[in-house]
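Here's the structure, in structure tokens; my notes come after.
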Amino acid sequence: MSEQTTDAAGSDEILGTDGVQGAVQVQAGGPDAVLTWDETVAAYDPVLGLEVHVELGTATKMFCGCPTEFGAEPNSQVCPVCLGLPGSLPVVNEKGVESAIRIGLALNCTIAPWCRFARKNYFYPDMPKNFQTSQYDEPIAFNGWLDVELEDGFVYRVEIERAHMEEDTGKSLHVGGATGRIHGADYSLVDYNRAGIPLIEIVTKPMTGLGERAPEVAKAYVATLRDLLRALGVSDVKMEQGSLRCDANVSLRPRKKKAEKQSEVPFGTRTETKNVNSLRSVERAVRYEMTRHAAVLAGAGSILQETRHWHEDTGVTTSGREKSDAEDYRYFPEPDLVPIAPTPETVEALRATLPEPPVQRRRRLQGEWGFSDLEMRDVVNAGAVEIIEATVAAGATPAGARKWWSGEIARRANLEGRELSDMGITPRAVAELDGLVQGGRLNDSMARQVLDGVLAGEGNPGAVADARGLALVSDERALGAAVDAVITANPDLVEKIEAGKVQAAGALIGQVMKAMAGQADAARVRELIMERVGG
Amino acid sequence: MTHDLTRWSAARMADALARREISAVELTQAHLDRIAAVDGAVHSYLHVDGEGALAQAQAVDDARGRDEDLHVMAGVPIAVKDVIATSGLPTTCGSRILAGWVPPYDATLVTKLKAAGMPILGKTNMDEFAMGSSTEHSAYGPSRNPWDLERIPGGSGGGSSSVLASFQAPLAIGTDTGGSIRQPAAVTGTVGTKPTYGGVSRYGLVALASSLDQAGPCARTVLDTALLHAVIGGYDPRDSTSIHAPVPEVVRAAQRADVTGMRIGVVKQLTGEGYQPGVQARFEESVQLLVDAGASVVEVDCPNFRFALAAYYLILPSEASSNLARFDAMRYGLRVLPDGVEDPSAEQVMAATREVGFGAEVKRRIILGTYALSSGYYDAYYGQAQKVRRLIADDFSRAFEVADVLVSPTAPTTAFKIGEKLDDPLAMYLNDVATIPANLAGIPGMSLPSGVADEDGLPTGFQILAPATQDQRLYAVGSALERELASRWGGHLLDRVPELATTGAEVTK
Ligand SMILES: [Zn+2]
């Protein structure tokens, strides 16, 4: 018994009209052979193409007024339109079109002054009309680019072929059978809540010249796109909930010794790996497919043009369905909808709403915050740019905000597999914590204990510190007495310090801190010791 | 006495209701009685909703009793073509595949009928999914022409035309994709208008060919047709292709019936050769009557009309093949399990259901359309057809520079015999040669009776076409012609329709 959801939007497990089943067969036998990574990139040059589907965060669906909330009772967010009942007609969601235009502009695309929807015809039970309302040869946005910065600062410009609007399909749940796919299932259930949710499909042009960095670029592209879409506020871009989905096209061609000759080599046969649903998986799936292709090609075999399914758990892809370029969706302009013709004024007004592009924005913030390249990279990799910005805005020092978010909180988030924003601590709370440290009320180890309390839900940092009795001793007399006592008890250490071995002060500081039960400001203790000894 | 009510015009019914000379219940019951008496022979209805109609009529009578403001048509009953979604009433589109389907929602035009307080008597027969010119392609058997029960009442809306000619309803809703309102009107001696594309909401009209489909009014007089047009017309936010403008002043135009100074264009390509002599003769007389009434006549040339039929039979099947894809047994309607398959897949169930659920004509057009849209053929077929469509629209534009309306016979022949053209699809398609250009160009058209052909004594139709959004011109010209003809005949053409046998009639379902 197995239950698994599959997607037909963008999935090719479709039923042909010719009576031949679009069968999905998991290949018999063991896993595919692969070459090692080094062998792969030494012999072959990869070409990538990425298709990203983004579910827009509009309140209502693309062609009807049904809500789009995730996780509702199955088939509770449906109406005659999104169920495709006979006689119903679609009406375009203007907000969806605006989002599409903003995405196009943010990707430096040309916005079509006039374009239409088209019907993509194929039969599948989770498609209420047995055609998907999409766009074909008249996408709303085309010919753009997105700069992607890798961890070492290398910038790759990804060229965007097009961004077009379409509707999502319902969701099938195939119950029974070994594979969780429609064939072999005992029965299938369909939830149409998702049917008609607006999608934008963003397609890159073939990405070449990547070499061994291909998997890394693929991941960085999806991450940059995700950040951009989040900054645009058009989608919640949650890959784990499917609001951002990536299909990766991979092909290899023989590698030329002279790099300038590489572009003369025709592209190899590509495979399309579907539903790669995390950033890490994007990188792994591309890497896996490259090594698998390499093994086939090295063995003088040929790559089958097909859809592959990515398995997160085992880290491999398996064969989906053979796919030919002649896949015939019988596209034609959707006669139930009028053309979309945004005026130049509308487009410019939407351009004015665009946020700063992520790469530029990072550079600006790095300057404002005074972070080193390395520090900024850590922040970016921890996905902490926005949250640090909010924390600084709430009054924290940039260094303090960075220390907490890309340090302790990031560590714990990683451990628990959660997003920073889901950790139960707000930028405001982190700013308050930083304030307590900066104001001299807490030292570092106390602040960590306060953080524990906040994460455990004990309240705001101030309240936690009060409740746990955490505060540095600010009584100079008590501190001075403790320092004097330690100096008196350690004449040997004092002698060393006086002889110039300043690092010996550490041992004295440790003893003072112990005497004060940790509730002293170590920096102040050092000052007091040096006043008395270093003179 | 009750029996006579059914012979009244809708305008007279509305007037008598407003004056409280008759009640809506009385009027509705008279029609239900008439249906019970004659529909066994005519078979206009697929479903009769006596209870619902009487309840609506009672509500109108009650409201009138309370002196509430009522719509001018409140209490006047109506029949609705079975391609229009009616909440709580079966909607089959004349197809087995939708047997038993009861829509959970009302088409926008049905909502308007209900808001006006018009009792819906039932759903009328039609060729399956509106594909045909005779109702012979209905999965539930053909409707009959009240002028001769051995003949077709036209199609696809033969239920909505025969229901009027047999006095089983004073008004009916039709839909017109290539002539399905006008040709049935022509062969039954009734009136029907295909409004400008977008003039009446398509929301709830089960699509045949989305870019051609248009719902419209059917009645026995031009004024009645206008009264119904005014009820159902107007902008609908649920239909993206509906026109964002007030309904043209069709009722006023029908009442004034003034053609003084109007230029009537006779379309060269739609007369003469291929038209039955009696049809042609009545047409020419009608044109002369309009001239006598103060209009002038010009001949106009529309050379691209000769490609209209070919373009139409590419565009329609293409759109239909996609529109009809949703009938797959997964969510509603018929579900057929394939024979001899132990554990059928969803696809096998879809295939078995569509095999059994669709009739031959529907399958023929789905196959044609699927082929025309296939990659490699798209440009040659669908693409070319769209270009022809543009050329036909251009022909109309030029014609309307010299004429205010264009006229032609509605159909080339009078009603043919049931079975006569069933094995010859092309002959059947040719019946719509004069009506199709209006659908391709999206302009409004009307058919009204011009008399009976000398050779067979059967009704002939006169077609009027106007520029987009100028629907009122149809009514001005139609109403003037109707007046002139009536004064010549000394009454209405339908006064001459043979009396139907009412004995032994089986009560309809
Ligand atoms: Zn909906």
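As shown in the structure tokens, the chain order sets the letters A, B, ...; within each chain, residues go from 1, and ligands are also counted from 1 in the order they appear.
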| query | Do you know which residues are at most 10 Å from A:Lys256 counting only C-alpha atoms, after dropping those on the same chain fewer than 2 positions away, and could you put them as a PyMOL selection string? | reply | chain A and resi 42-45+253-254+258-265
| field | Interface residues on chain B facing chain A, 7 Å, only C-alpha atoms, written as a PyMOL selection string | value | chain B and resi 85+203-207+210-211+238-241+322+325-326+330+347+373-375
| Any idea what's packed within 12 Å of B:Pro412, counting only C-alpha atoms, ignoring anything in its chain fewer than 2 positions away? Could you give it as JSON, numbers by chain? | {"B": [183, 186, 187, 269, 270, 271, 272, 273, 274, 275, 276, 277, 278, 279, 280, 281, 282, 283, 408, 409, 410, 414, 415, 416, 427, 428, 429, 430, 431, 432, 433, 434, 435, 453, 459, 460, 461, 462, 463]}
